[in-house]
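Dropping upload.tsv in here (TSV, C-alpha atoms):
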chain	number	residue	atom	x	y	z
A	1361	MET	CA	111.16	140.17	99.82
A	1362	LYS	CA	111.66	136.63	98.52
A	1363	THR	CA	112.12	135.36	102.08
A	1364	ARG	CA	108.93	137.14	103.15
A	1365	TYR	CA	106.86	135.44	100.43
A	1366	THR	CA	108.40	132.09	101.35
A	1367	ILE	CA	107.35	132.53	104.99
A	1368	LEU	CA	103.83	133.61	104.01
A	1369	PHE	CA	103.51	130.62	101.68
A	1370	GLY	CA	104.65	128.32	104.49
A	1371	ILE	CA	102.04	129.78	106.86
A	1372	TYR	CA	99.37	129.30	104.16
A	1373	LEU	CA	100.33	125.63	103.79
A	1374	LEU	CA	100.11	125.14	107.56
A	1375	PHE	CA	96.57	126.55	107.65
A	1376	LEU	CA	95.63	124.46	104.63
A	1377	CYS	CA	96.93	121.24	106.17
A	1378	ALA	CA	95.28	122.07	109.49
A	1379	GLY	CA	91.92	122.04	107.75
A	1380	LEU	CA	92.43	118.57	106.33
A	1381	PRO	CA	91.18	115.57	108.34
A	1382	ALA	CA	93.97	113.39	109.68
A	1383	ALA	CA	94.12	109.91	108.23
A	1384	MET	CA	92.94	107.15	110.53
A	1385	THR	CA	95.24	104.36	111.63
A	1386	LYS	CA	94.22	100.72	111.30
A	1387	ASP	CA	93.51	100.54	115.03
A	1388	GLN	CA	91.34	103.66	114.87
A	1389	ILE	CA	89.41	102.25	111.92
A	1390	HIS	CA	88.89	98.95	113.72
A	1391	LEU	CA	87.74	100.72	116.90
A	1392	ALA	CA	85.35	102.99	114.98
A	1393	TYR	CA	83.88	99.97	113.19
A	1394	ILE	CA	83.34	98.08	116.46
A	1395	GLN	CA	81.75	101.12	118.11
A	1396	ALA	CA	79.42	101.66	115.15
A	1397	ASN	CA	78.35	98.01	115.15
A	1398	GLU	CA	77.75	98.06	118.91
A	1399	ALA	CA	75.65	101.22	118.62
A	1400	PHE	CA	73.69	99.60	115.78
A	1401	SER	CA	72.94	96.50	117.88
A	1402	LYS	CA	71.95	98.65	120.85
A	1403	ALA	CA	69.62	100.77	118.71
A	1404	ASN	CA	67.91	97.68	117.32
A	1405	LYS	CA	67.01	96.61	120.87
A	1406	MET	CA	65.41	99.94	121.81
A	1407	ILE	CA	61.88	99.08	120.70
A	1408	ASP	CA	60.33	101.08	123.57
A	1409	ASP	CA	62.44	104.19	122.94
A	1410	PRO	CA	62.39	104.99	119.20
A	1411	ASN	CA	63.80	108.51	119.70
A	1412	GLN	CA	66.90	107.19	121.44
A	1413	ALA	CA	67.19	104.49	118.77
A	1414	GLN	CA	67.19	107.15	116.03
A	1415	THR	CA	69.90	109.07	117.91
A	1416	LEU	CA	72.04	105.94	118.01
A	1417	TYR	CA	71.43	105.25	114.32
A	1418	GLN	CA	72.74	108.74	113.53
A	1419	GLN	CA	75.87	107.93	115.55
A	1420	VAL	CA	76.25	104.72	113.54
A	1421	ILE	CA	75.97	106.67	110.28
A	1422	LEU	CA	78.63	109.15	111.41
A	1423	GLY	CA	80.90	106.26	112.41
A	1424	TYR	CA	80.60	104.47	109.07
A	1425	GLN	CA	81.00	107.73	107.14
A	1426	LYS	CA	84.16	108.54	109.08
A	1427	ILE	CA	85.62	105.16	108.17
A	1428	ILE	CA	84.76	105.71	104.51
A	1429	GLN	CA	85.82	109.33	104.19
A	1430	THR	CA	88.71	109.67	106.65
A	1431	GLY	CA	89.81	106.05	106.80
A	1432	GLN	CA	89.51	105.68	103.02
A	1433	ILE	CA	87.92	102.24	103.38
A	1434	HIS	CA	85.59	101.25	100.55
A	1435	ASN	CA	84.08	97.77	100.57
A	1436	ALA	CA	80.68	96.24	99.93
A	1437	LYS	CA	80.02	95.21	103.54
A	1438	LEU	CA	80.66	98.71	104.88
A	1439	TYR	CA	78.41	100.37	102.32
A	1440	CYS	CA	75.71	97.75	102.92
A	1441	ASN	CA	75.83	98.38	106.69
A	1442	LEU	CA	75.58	102.12	106.06
A	1443	ALA	CA	72.62	101.55	103.73
A	1444	ASN	CA	70.88	99.35	106.32
A	1445	THR	CA	71.23	102.12	108.89
A	1446	TYR	CA	69.91	104.78	106.54
A	1447	LEU	CA	66.93	102.54	105.78
A	1448	LEU	CA	66.13	102.24	109.49
A	1449	THR	CA	66.19	106.03	109.84
A	1450	GLY	CA	63.75	106.39	106.95
A	1451	ASP	CA	66.30	107.97	104.60
A	1452	LEU	CA	65.31	105.92	101.57
A	1453	GLY	CA	67.37	107.89	99.06
A	1454	ARG	CA	70.70	107.44	100.82
A	1455	ALA	CA	69.83	103.83	101.62
A	1456	ILE	CA	69.42	102.99	97.92
A	1457	LEU	CA	72.48	105.09	97.06
A	1458	ASN	CA	74.71	103.06	99.37
A	1459	TYR	CA	73.16	99.72	98.40
A	1460	ARG	CA	74.06	100.62	94.81
A	1461	ARG	CA	77.62	101.43	95.88
A	1462	ALA	CA	77.81	98.11	97.69
A	1463	GLN	CA	76.39	96.34	94.64
A	1464	TYR	CA	79.02	97.97	92.42
A	1465	LEU	CA	81.76	96.49	94.63
A	1466	ASP	CA	80.11	93.06	94.96
A	1467	SER	CA	77.33	92.53	92.44
A	1468	SER	CA	77.02	88.80	93.17
A	1469	ASN	CA	76.12	89.21	96.87
A	1470	PRO	CA	72.52	87.96	97.32
A	1471	ASP	CA	71.98	89.94	100.55
A	1472	ILE	CA	72.79	93.22	98.81
A	1473	HIS	CA	70.38	92.36	95.99
A	1474	LYS	CA	67.64	91.43	98.48
A	1475	ASN	CA	68.06	94.57	100.57
A	1476	LEU	CA	68.26	96.80	97.50
A	1477	ASN	CA	65.08	95.33	96.05
A	1478	PHE	CA	63.31	95.77	99.40
A	1479	ALA	CA	64.36	99.43	99.54
A	1480	ARG	CA	63.24	99.94	95.94
A	1481	SER	CA	59.81	98.55	96.81
A	1482	LYS	CA	59.38	101.43	99.27
A	1483	ARG	CA	59.84	104.15	96.64
A	1484	MET	CA	56.99	106.47	95.73
A	1485	ASP	CA	57.97	106.81	92.08
A	1486	ARG	CA	57.15	103.91	89.76
A	1487	PHE	CA	58.63	103.87	86.28
A	1488	THR	CA	58.19	101.12	83.73
A	1489	VAL	CA	61.59	99.86	82.60
A	1490	ALA	CA	62.04	100.30	78.86
A	1491	THR	CA	61.39	97.04	76.96
A	1492	PRO	CA	64.84	96.91	75.27
A	1493	LYS	CA	66.49	96.97	78.71
A	1494	LYS	CA	64.33	94.08	79.93
A	1495	ILE	CA	65.28	92.00	76.89
A	1496	LEU	CA	68.98	92.76	77.27
A	1497	LYS	CA	68.95	91.81	80.96
A	1498	ARG	CA	67.38	88.44	80.16
A	1499	LEU	CA	69.58	87.63	77.17
A	1500	PHE	CA	72.84	88.71	78.78
A	1501	PHE	CA	72.04	87.80	82.38
A	1502	TRP	CA	75.69	87.10	83.25
A	1503	HIS	CA	76.60	90.69	82.41
A	1504	TYR	CA	74.00	92.12	84.79
A	1505	ASP	CA	73.92	89.46	87.53
A	1506	PHE	CA	77.56	88.32	87.83
A	1507	SER	CA	80.23	90.45	89.50
A	1508	ILE	CA	83.39	91.30	87.54
A	1509	LYS	CA	85.31	88.92	89.80
A	1510	THR	CA	82.92	86.06	88.98
A	1511	ARG	CA	83.12	86.76	85.25
A	1512	LEU	CA	86.91	86.79	85.37
A	1513	ILE	CA	86.92	83.47	87.24
A	1514	VAL	CA	84.54	81.91	84.70
A	1515	GLY	CA	86.70	83.27	81.88
A	1516	GLY	CA	89.84	81.88	83.51
A	1517	VAL	CA	88.25	78.44	83.90
A	1518	CYS	CA	87.15	78.46	80.24
A	1519	LEU	CA	90.64	79.47	79.12
A	1520	SER	CA	92.21	76.69	81.22
A	1521	ILE	CA	89.84	74.05	79.81
A	1522	LEU	CA	90.48	75.32	76.29
A	1523	CYS	CA	94.26	75.11	76.68
A	1524	ILE	CA	94.15	71.68	78.33
A	1525	TRP	CA	91.82	70.32	75.65
A	1526	LEU	CA	94.06	71.59	72.85
A	1527	MET	CA	97.17	70.10	74.48
A	1528	LEU	CA	95.45	66.75	74.93
A	1529	ARG	CA	94.43	66.88	71.29
A	1530	MET	CA	98.07	67.40	70.29
A	1531	TRP	CA	99.22	64.43	72.38
A	1532	ILE	CA	96.28	62.12	71.75
A	1533	VAL	CA	95.22	62.14	68.11
A	1534	LYS	CA	91.86	60.52	68.76
A	1535	TRP	CA	90.92	62.76	71.69
A	1536	PRO	CA	87.12	63.22	71.29
A	1537	ALA	CA	84.95	66.30	70.67
A	1538	VAL	CA	87.78	68.75	70.07
A	1539	ILE	CA	85.92	71.25	67.90
A	1540	PRO	CA	82.62	71.34	69.90
A	1541	VAL	CA	84.32	71.69	73.29
A	1542	CYS	CA	86.86	74.26	72.09
A	1543	SER	CA	84.13	76.24	70.36
A	1544	VAL	CA	81.96	76.36	73.49
A	1545	MET	CA	84.90	77.34	75.72
A	1546	ALA	CA	86.07	80.00	73.26
A	1547	LEU	CA	82.53	81.39	73.04
A	1548	LEU	CA	82.15	81.56	76.83
A	1549	LEU	CA	85.60	83.10	77.21
A	1550	SER	CA	84.81	85.74	74.58
A	1551	GLY	CA	81.50	86.51	76.28
A	1552	MET	CA	83.13	87.04	79.69
A	1553	ILE	CA	85.92	89.21	78.27
A	1554	ALA	CA	83.50	91.30	76.23
A	1555	SER	CA	81.24	91.73	79.27
A	1556	VAL	CA	84.09	93.00	81.48
A	1557	VAL	CA	85.41	95.35	78.77
A	1558	ILE	CA	81.93	96.79	78.12
A	1559	GLU	CA	81.27	97.31	81.83
A	1560	GLN	CA	84.61	99.05	82.37
A	1561	HIS	CA	83.94	101.29	79.39
A	1562	THR	CA	80.43	102.05	80.67
A	1563	LEU	CA	81.72	102.89	84.14
A	1564	SER	CA	84.33	105.26	82.71
A	1565	THR	CA	81.87	107.05	80.41
A	1566	HIS	CA	78.55	106.86	82.30
A	1567	ARG	CA	77.58	107.98	85.78
A	1568	ASN	CA	74.51	106.89	87.71
A	1569	GLY	CA	72.88	108.54	90.67
A	1570	VAL	CA	70.02	108.53	93.16
A	1571	ILE	CA	67.70	111.31	94.30
A	1572	ILE	CA	68.27	111.87	98.03
A	1573	THR	CA	65.91	114.76	98.82
A	1574	GLU	CA	62.36	113.94	99.89
A	1575	ALA	CA	60.94	115.48	96.72
A	1576	VAL	CA	62.27	117.53	93.81
A	1577	ILE	CA	60.59	119.16	90.82
A	1578	ALA	CA	62.04	117.87	87.55
A	1579	ARG	CA	62.18	120.46	84.78
A	1580	GLN	CA	62.64	120.59	81.03
A	1581	GLY	CA	65.81	122.65	81.30
A	1582	ASP	CA	68.57	123.76	83.67
A	1583	SER	CA	66.66	126.60	85.33
A	1584	GLU	CA	63.68	127.20	87.58
A	1585	ASN	CA	62.16	129.13	84.67
A	1586	TYR	CA	61.64	125.98	82.59
A	1587	PRO	CA	58.29	124.16	82.82
A	1588	GLU	CA	57.94	121.01	84.90
A	1589	SER	CA	58.65	117.71	83.16
A	1590	PHE	CA	56.02	115.74	85.07
A	1591	SER	CA	52.76	116.46	86.82
A	1592	GLU	CA	54.28	115.29	90.12
A	1593	SER	CA	57.66	115.66	91.81
A	1594	LEU	CA	60.36	113.00	91.78
A	1595	HIS	CA	61.01	111.46	95.18
A	1596	ALA	CA	63.84	110.00	97.23
A	1597	GLY	CA	65.24	106.75	95.92
A	1598	THR	CA	64.58	107.36	92.22
A	1599	GLU	CA	67.59	106.15	90.23
A	1600	PHE	CA	68.91	107.67	87.04
A	1601	GLU	CA	71.74	107.84	84.53
A	1602	VAL	CA	73.58	111.14	84.12
A	1603	ILE	CA	73.45	112.57	80.60
A	1604	GLU	CA	75.12	115.87	81.43
A	1605	GLN	CA	76.47	117.40	84.62
A	1606	ARG	CA	76.50	121.16	85.18
A	1607	PRO	CA	77.51	123.10	88.33
A	1608	ALA	CA	73.95	123.46	89.64
A	1609	TRP	CA	71.94	121.03	87.51
A	1610	LEU	CA	71.96	117.42	86.33
A	1611	HIS	CA	70.51	116.29	83.01
A	1612	ILE	CA	69.31	112.75	83.72
A	1613	LYS	CA	67.66	109.74	82.09
A	1614	LEU	CA	65.21	107.67	84.11
A	1615	SER	CA	64.71	103.91	83.81
A	1616	SER	CA	61.73	104.63	81.55
A	1617	ASP	CA	64.15	106.41	79.14
A	1618	GLN	CA	62.54	109.78	79.92
A	1619	ASN	CA	64.97	112.73	80.09
A	1620	THR	CA	64.70	115.61	82.54
A	1621	TRP	CA	66.70	118.10	84.63
A	1622	ILE	CA	67.02	118.21	88.42
A	1623	PRO	CA	69.00	120.49	90.79
A	1624	ALA	CA	72.40	118.98	91.61
A	1625	TYR	CA	71.83	119.31	95.36
A	1626	SER	CA	68.86	116.93	95.18
A	1627	ALA	CA	70.93	113.86	94.24
A	1628	GLU	CA	74.22	112.07	94.75
A	1629	LEU	CA	76.21	110.08	92.22
A	1630	ILE	CA	77.09	106.45	92.84
For this file, produce the structure as C-alpha coordinates.
Amino acid sequence: MKTRYTILFGIYLLFLCAGLPAAMTKDQIHLAYIQANEAFSKANKMIDDPNQAQTLYQQVILGYQKIIQTGQIHNAKLYCNLANTYLLTGDLGRAILNYRRAQYLDSSNPDIHKNLNFARSKRMDRFTVATPKKILKRLFFWHYDFSIKTRLIVGGVCLSILCIWLMLRMWIVKWPAVIPVCSVMALLLSGMIASVVIEQHTLSTHRNGVIITEAVIARQGDSENYPESFSESLHAGTEFEVIEQRPAWLHIKLSSDQNTWIPAYSAELI
(Lines of atoms letter the chains of each structure in order from A and count residues from 1; the text may use other names and numbers.)
(Lines give C-alpha, C1' and ligand atoms only; values in the text may rest on other atoms or scores of the structure.)
Protein backbone atom coordinates (compact mmCIF):
# COMPACT_ATOMS: atom_id res chain seq x y z
CA MET A 1 0.00 0.00 0.00
CA LYS A 2 2.84 2.35 0.91
CA THR A 3 4.54 1.63 -2.42
CA ARG A 4 1.29 2.33 -4.26
CA TYR A 5 0.92 5.78 -2.65
CA THR A 6 4.56 6.53 -3.42
CA ILE A 7 4.02 5.74 -7.11
CA LEU A 8 0.82 7.81 -7.25
CA PHE A 9 2.60 10.73 -5.58
CA GLY A 10 5.42 10.46 -8.11
CA ILE A 11 2.94 10.53 -11.01
CA TYR A 12 1.27 13.59 -9.47
CA LEU A 13 4.61 15.40 -9.28
CA LEU A 14 5.33 14.57 -12.93
CA PHE A 15 2.01 16.09 -14.03
CA LEU A 16 2.61 19.11 -11.81
CA CYS A 17 6.08 19.73 -13.22
CA ALA A 18 4.81 19.21 -16.77
CA GLY A 19 2.47 22.14 -16.29
CA LEU A 20 5.26 24.49 -15.25
CA PRO A 21 6.99 26.58 -17.94
CA ALA A 22 10.59 25.58 -18.53
CA ALA A 23 13.14 28.19 -17.57
CA MET A 24 14.78 29.99 -20.48
CA THR A 25 18.50 29.80 -21.09
CA LYS A 26 20.57 32.94 -21.60
CA ASP A 27 20.73 32.26 -25.34
CA GLN A 28 16.95 31.84 -25.53
CA ILE A 29 16.41 35.07 -23.62
CA HIS A 30 18.82 36.92 -25.90
CA LEU A 31 17.14 35.50 -29.02
CA ALA A 32 13.65 36.36 -27.74
CA TYR A 33 14.78 39.91 -26.97
CA ILE A 34 16.28 40.38 -30.45
CA GLN A 35 13.16 38.98 -32.13
CA ALA A 36 10.89 41.25 -30.09
CA ASN A 37 12.98 44.31 -30.93
CA GLU A 38 13.03 43.42 -34.63
CA ALA A 39 9.26 42.95 -34.66
CA PHE A 40 8.88 46.30 -32.89
CA SER A 41 11.02 48.08 -35.51
CA LYS A 42 9.13 46.38 -38.33
CA ALA A 43 5.76 47.37 -36.85
CA ASN A 44 6.84 51.00 -36.54
CA LYS A 45 7.52 51.09 -40.29
CA MET A 46 4.09 49.75 -41.28
CA ILE A 47 2.35 53.11 -41.55
CA ASP A 48 0.21 51.93 -44.49
CA ASP A 49 -0.89 48.70 -42.78
CA PRO A 50 -2.00 49.50 -39.21
CA ASN A 51 -3.71 46.11 -38.74
CA GLN A 52 -0.51 44.22 -39.47
CA ALA A 53 1.39 46.65 -37.24
CA GLN A 54 -0.97 45.89 -34.35
CA THR A 55 -0.46 42.16 -34.92
CA LEU A 56 3.29 42.63 -34.70
CA TYR A 57 2.96 44.76 -31.56
CA GLN A 58 1.05 41.90 -29.93
CA GLN A 59 3.92 39.56 -30.85
CA VAL A 60 6.34 42.03 -29.27
CA ILE A 61 4.28 42.10 -26.07
CA LEU A 62 4.23 38.29 -25.90
CA GLY A 63 8.00 38.22 -26.43
CA TYR A 64 8.75 40.71 -23.66
CA GLN A 65 6.29 39.02 -21.30
CA LYS A 66 7.93 35.66 -21.93
CA ILE A 67 11.32 37.11 -21.03
CA ILE A 68 9.89 38.60 -17.83
CA GLN A 69 7.77 35.67 -16.70
CA THR A 70 9.68 32.62 -17.97
CA GLY A 71 13.14 34.12 -18.22
CA GLN A 72 12.75 35.86 -14.84
CA ILE A 73 14.40 39.02 -16.17
CA HIS A 74 13.30 42.23 -14.45
CA ASN A 75 14.98 45.48 -15.44
CA ALA A 76 13.89 49.02 -16.19
CA LYS A 77 14.71 48.90 -19.91
CA LEU A 78 12.64 45.77 -20.49
CA TYR A 79 9.60 47.14 -18.65
CA CYS A 80 9.95 50.47 -20.47
CA ASN A 81 10.02 48.70 -23.86
CA LEU A 82 6.95 46.71 -22.86
CA ALA A 83 5.19 49.91 -21.77
CA ASN A 84 6.07 51.63 -25.06
CA THR A 85 4.52 48.75 -26.98
CA TYR A 86 1.36 48.76 -24.89
CA LEU A 87 1.07 52.51 -25.49
CA LEU A 88 1.25 51.99 -29.25
CA THR A 89 -1.54 49.41 -29.06
CA GLY A 90 -3.74 51.85 -27.16
CA ASP A 91 -3.61 49.88 -23.89
CA LEU A 92 -3.07 52.90 -21.67
CA GLY A 93 -3.57 51.08 -18.38
CA ARG A 94 -0.87 48.47 -18.95
CA ALA A 95 1.42 51.10 -20.46
CA ILE A 96 1.32 53.19 -17.26
CA LEU A 97 1.58 50.02 -15.15
CA ASN A 98 4.83 48.99 -16.81
CA TYR A 99 6.25 52.52 -16.87
CA ARG A 100 5.70 52.55 -13.10
CA ARG A 101 7.49 49.21 -12.78
CA ALA A 102 10.36 50.58 -14.83
CA GLN A 103 10.41 53.72 -12.71
CA TYR A 104 10.57 51.63 -9.54
CA LEU A 105 13.72 49.93 -10.86
CA ASP A 106 15.31 53.14 -12.18
CA SER A 107 13.62 56.26 -10.84
CA SER A 108 16.35 58.60 -12.11
CA ASN A 109 15.93 57.70 -15.81
CA PRO A 110 14.64 60.83 -17.61
CA ASP A 111 13.19 58.84 -20.55
CA ILE A 112 11.01 56.78 -18.23
CA HIS A 113 9.76 59.96 -16.53
CA LYS A 114 9.03 61.59 -19.89
CA ASN A 115 7.18 58.59 -21.29
CA LEU A 116 5.23 58.08 -18.07
CA ASN A 117 4.13 61.71 -17.99
CA PHE A 118 3.09 61.50 -21.65
CA ALA A 119 1.00 58.39 -20.95
CA ARG A 120 -0.56 60.07 -17.91
CA SER A 121 -1.58 63.03 -20.07
CA LYS A 122 -3.74 60.65 -22.13
CA ARG A 123 -5.83 59.49 -19.16
CA MET A 124 -9.53 60.30 -18.99
CA ASP A 125 -9.63 60.65 -15.21
CA ARG A 126 -8.24 63.86 -13.71
CA PHE A 127 -7.70 64.04 -9.97
CA THR A 128 -6.22 66.97 -8.09
CA VAL A 129 -3.24 65.81 -6.06
CA ALA A 130 -3.75 66.50 -2.36
CA THR A 131 -1.93 69.67 -1.24
CA PRO A 132 0.16 67.95 1.49
CA LYS A 133 1.59 65.60 -1.15
CA LYS A 134 2.57 68.52 -3.39
CA ILE A 135 4.37 70.22 -0.52
CA LEU A 136 6.21 67.05 0.49
CA LYS A 137 7.37 66.43 -3.08
CA ARG A 138 8.83 69.93 -3.31
CA LEU A 139 10.47 69.95 0.12
CA PHE A 140 11.93 66.46 -0.14
CA PHE A 141 12.57 66.36 -3.88
CA TRP A 142 15.54 63.99 -3.55
CA HIS A 143 13.29 61.36 -1.99
CA TYR A 144 10.85 61.43 -4.90
CA ASP A 145 13.16 62.25 -7.83
CA PHE A 146 16.38 60.36 -7.02
CA SER A 147 16.69 56.59 -7.39
CA ILE A 148 17.81 54.53 -4.38
CA LYS A 149 21.13 53.96 -6.15
CA THR A 150 21.67 57.71 -6.56
CA ARG A 151 20.79 58.40 -2.93
CA LEU A 152 23.21 55.71 -1.76
CA ILE A 153 25.97 57.19 -3.93
CA VAL A 154 25.32 60.69 -2.57
CA GLY A 155 25.30 59.30 0.97
CA GLY A 156 28.57 57.46 0.33
CA VAL A 157 30.22 60.61 -1.02
CA CYS A 158 29.04 62.61 2.01
CA LEU A 159 30.36 59.94 4.38
CA SER A 160 33.74 59.91 2.60
CA ILE A 161 34.05 63.71 2.76
CA LEU A 162 33.04 63.66 6.42
CA CYS A 163 35.67 61.05 7.31
CA ILE A 164 38.42 62.75 5.29
CA TRP A 165 37.62 66.14 6.81
CA LEU A 166 37.74 64.74 10.35
CA MET A 167 41.05 62.98 9.69
CA LEU A 168 42.56 66.16 8.25
CA ARG A 169 41.35 68.02 11.31
CA MET A 170 43.15 65.51 13.55
CA TRP A 171 46.40 65.90 11.60
CA ILE A 172 46.20 69.62 10.89
CA VAL A 173 45.06 71.58 13.92
CA LYS A 174 44.22 74.72 11.96
CA TRP A 175 42.28 72.94 9.21
CA PRO A 176 39.46 75.40 8.35
CA ALA A 177 35.66 75.15 8.59
CA VAL A 178 35.53 71.84 10.44
CA ILE A 179 32.16 72.27 12.16
CA PRO A 180 30.24 73.81 9.18
CA VAL A 181 31.49 71.25 6.64
CA CYS A 182 31.01 68.27 8.96
CA SER A 183 27.55 69.48 9.90
CA VAL A 184 26.47 69.84 6.27
CA MET A 185 27.88 66.42 5.32
CA ALA A 186 26.30 64.76 8.36
CA LEU A 187 22.96 66.39 7.54
CA LEU A 188 23.06 65.25 3.90
CA LEU A 189 24.14 61.75 4.93
CA SER A 190 21.31 61.52 7.45
CA GLY A 191 18.82 62.73 4.84
CA MET A 192 19.89 60.10 2.29
CA ILE A 193 19.84 57.27 4.85
CA ALA A 194 16.45 58.31 6.19
CA SER A 195 15.07 58.56 2.65
CA VAL A 196 16.20 55.03 1.73
CA VAL A 197 14.91 53.55 5.01
CA ILE A 198 11.53 55.25 4.62
CA GLU A 199 11.18 54.11 1.01
CA GLN A 200 12.05 50.51 1.86
CA HIS A 201 9.55 50.56 4.71
CA THR A 202 6.89 52.06 2.42
CA LEU A 203 7.52 49.45 -0.27
CA SER A 204 7.20 46.63 2.26
CA THR A 205 3.99 47.97 3.80
CA HIS A 206 2.24 49.74 0.90
CA ARG A 207 1.22 48.51 -2.53
CA ASN A 208 0.32 50.66 -5.51
CA GLY A 209 -1.59 49.73 -8.61
CA VAL A 210 -3.10 50.86 -11.90
CA ILE A 211 -6.55 50.30 -13.38
CA ILE A 212 -6.14 48.28 -16.59
CA THR A 213 -9.74 47.80 -17.75
CA GLU A 214 -11.25 50.40 -20.06
CA ALA A 215 -13.72 51.48 -17.39
CA VAL A 216 -14.80 50.25 -13.96
CA ILE A 217 -17.48 51.39 -11.53
CA ALA A 218 -15.99 52.33 -8.16
CA ARG A 219 -18.22 51.52 -5.20
CA GLN A 220 -18.50 52.41 -1.53
CA GLY A 221 -18.00 48.81 -0.43
CA ASP A 222 -16.78 45.39 -1.57
CA SER A 223 -19.95 44.33 -3.38
CA GLU A 224 -22.02 45.24 -6.42
CA ASN A 225 -24.83 46.05 -3.97
CA TYR A 226 -23.03 49.12 -2.62
CA PRO A 227 -23.76 52.52 -4.21
CA GLU A 228 -21.33 54.06 -6.67
CA SER A 229 -18.59 56.27 -5.24
CA PHE A 230 -18.54 58.69 -8.17
CA SER A 231 -20.94 59.89 -10.82
CA GLU A 232 -18.66 58.46 -13.53
CA SER A 233 -16.58 55.31 -13.91
CA LEU A 234 -12.84 55.16 -13.31
CA HIS A 235 -10.83 54.53 -16.46
CA ALA A 236 -7.65 52.80 -17.60
CA GLY A 237 -4.45 54.35 -16.32
CA THR A 238 -5.80 55.68 -13.02
CA GLU A 239 -3.21 55.05 -10.31
CA PHE A 240 -3.92 54.26 -6.69
CA GLU A 241 -2.57 53.05 -3.36
CA VAL A 242 -3.95 49.82 -1.94
CA ILE A 243 -5.56 50.20 1.49
CA GLU A 244 -6.89 46.66 1.72
CA GLN A 245 -6.79 43.66 -0.59
CA ARG A 246 -9.55 41.05 -0.62
CA PRO A 247 -9.98 38.04 -2.95
CA ALA A 248 -12.36 39.82 -5.34
CA TRP A 249 -12.07 43.49 -4.35
CA LEU A 250 -9.48 46.18 -3.72
CA HIS A 251 -9.96 49.03 -1.26
CA ILE A 252 -7.95 51.87 -2.79
CA LYS A 253 -6.92 55.49 -2.23
CA LEU A 254 -6.66 57.82 -5.21
CA SER A 255 -4.16 60.67 -5.59
CA SER A 256 -6.90 63.03 -4.40
CA ASP A 257 -7.01 61.06 -1.11
CA GLN A 258 -10.49 59.74 -1.94
CA ASN A 259 -11.16 56.13 -0.89
CA THR A 260 -13.21 53.64 -2.89
CA TRP A 261 -13.56 49.96 -3.83
CA ILE A 262 -12.96 48.38 -7.24
CA PRO A 263 -13.13 44.75 -8.47
CA ALA A 264 -9.71 43.08 -8.28
CA TYR A 265 -9.85 41.98 -11.93
CA SER A 266 -9.96 45.61 -13.08
CA ALA A 267 -6.43 46.47 -11.90
CA GLU A 268 -2.90 45.16 -11.49
CA LEU A 269 -0.45 45.92 -8.72
CA ILE A 270 2.95 47.41 -9.48
Taking into account all atoms listed in the file, which residue in the set A:Pro1492, A:Gly1450, A:Gly1515, A:Pro1410 is nearest to Ile1553 (chain A)? A:Gly1515
Could you check which residues have any atom within 12 Å of (79.8, 107.9, 95.1), counting all atoms listed in the file with coordinates taken straight from the file, and then list them as an mmCIF file with C-alpha atoms, keeping the file's coordinate frame?
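Result file follows (out.cif):
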data_model
loop_
_atom_site.group_PDB
_atom_site.id
_atom_site.type_symbol
_atom_site.label_atom_id
_atom_site.label_comp_id
_atom_site.auth_asym_id
_atom_site.auth_seq_id
_atom_site.Cartn_x
_atom_site.Cartn_y
_atom_site.Cartn_z
ATOM 1 C CA ILE A 1428 84.760 105.710 104.510
ATOM 2 C CA GLN A 1429 85.820 109.330 104.190
ATOM 3 C CA HIS A 1434 85.590 101.250 100.550
ATOM 4 C CA TYR A 1439 78.410 100.370 102.320
ATOM 5 C CA ARG A 1454 70.700 107.440 100.820
ATOM 6 C CA ILE A 1456 69.420 102.990 97.920
ATOM 7 C CA LEU A 1457 72.480 105.090 97.060
ATOM 8 C CA ASN A 1458 74.710 103.060 99.370
ATOM 9 C CA TYR A 1459 73.160 99.720 98.400
ATOM 10 C CA ARG A 1460 74.060 100.620 94.810
ATOM 11 C CA ARG A 1461 77.620 101.430 95.880
ATOM 12 C CA ALA A 1462 77.810 98.110 97.690
ATOM 13 C CA TYR A 1464 79.020 97.970 92.420
ATOM 14 C CA LEU A 1465 81.760 96.490 94.630
ATOM 15 C CA ARG A 1567 77.580 107.980 85.780
ATOM 16 C CA ASN A 1568 74.510 106.890 87.710
ATOM 17 C CA GLY A 1569 72.880 108.540 90.670
ATOM 18 C CA VAL A 1570 70.020 108.530 93.160
ATOM 19 C CA ALA A 1627 70.930 113.860 94.240
ATOM 20 C CA GLU A 1628 74.220 112.070 94.750
ATOM 21 C CA LEU A 1629 76.210 110.080 92.220
ATOM 22 C CA ILE A 1630 77.090 106.450 92.840
#
A straight line from CA of Cys1542 (chain A) to CA of Ser1468 (chain A) spans 27.4 Å
Rounded to one decimal, what separation in Å do you get between CA of Ser1401 (chain A) and CA of Ile1571 (chain A)?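 Computing it gives 28.3 Å between the two atoms.
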Could you state the separation of CA of Ile1394 (chain A) and CA of Thr1445 (chain A) in Å, given to one decimal place?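 Atom-to-atom, CA of Ile1394 (chain A) to CA of Thr1445 (chain A), that is 14.8 Å.
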Could you list, as an NGL selection string, every residue within 7 Å of Ala1575 (chain A), counting all atoms listed in the file and ignoring same-chain residues fewer than 2 positions away? :A and (1573 or 1577 or 1593-1596)
Rank A:Asn1444, A:Gln1580, A:Gln1414, A:Thr1430 by their smallest atom-to-atom distance to His1611 (chain A), using only C-alpha atoms, and report the top residue only.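 Among the listed residues, the smallest separation from His1611 (chain A) belongs to A:Gln1580.
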Residues near Ile1421 (chain A), cut-off 8 Å, only C-alpha atoms, skip fewer than 3 positions along chain, as a PDB file with C-alpha atoms, in the frame of the given file:
ATOM      1  CA  ALA A1396      79.420 101.660 115.150  1.00  0.00           C
ATOM      2  CA  TYR A1417      71.430 105.250 114.320  1.00  0.00           C
ATOM      3  CA  GLN A1418      72.740 108.740 113.530  1.00  0.00           C
ATOM      4  CA  TYR A1424      80.600 104.470 109.070  1.00  0.00           C
ATOM      5  CA  GLN A1425      81.000 107.730 107.140  1.00  0.00           C
ATOM      6  CA  LEU A1442      75.580 102.120 106.060  1.00  0.00           C
ATOM      7  CA  THR A1445      71.230 102.120 108.890  1.00  0.00           C
ATOM      8  CA  TYR A1446      69.910 104.780 106.540  1.00  0.00           C
TER       9      TYR A1446
END
For Tyr1393 (chain A), please output as a count of residues only all residues within 12 Å (counting all atoms listed in the file; exclusion window: fewer than 6 positions along the same chain). 21
At a cut-off of 8 Å, using all atoms listed in the file, what residues contact Ser1467 (chain A)? Leave out same-chain residues fewer than 5 positions from it and give the result as a ChimeraX atom specification. /A:1462,1472-1473,1505-1508
Which of these residues is nearest to Ile1513 (chain A), using all atoms listed in the file: A:Leu1496, A:Ala1546, A:Thr1488, A:Met1552?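 Nearest candidate to Ile1513 (chain A) out of A:Leu1496, A:Ala1546, A:Thr1488, A:Met1552: A:Met1552.
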Neighbourhood query: residues within 8 Å of (87.7, 85.4, 79.7), file coordinates, counting only C-alpha atoms; return as a list in words. Arg1511, Leu1512, Ile1513, Val1514, Gly1515, Gly1516, Cys1518, Leu1519, Leu1548, Leu1549, Ser1550, Gly1551, Met1552 and Ile1553 of chain A
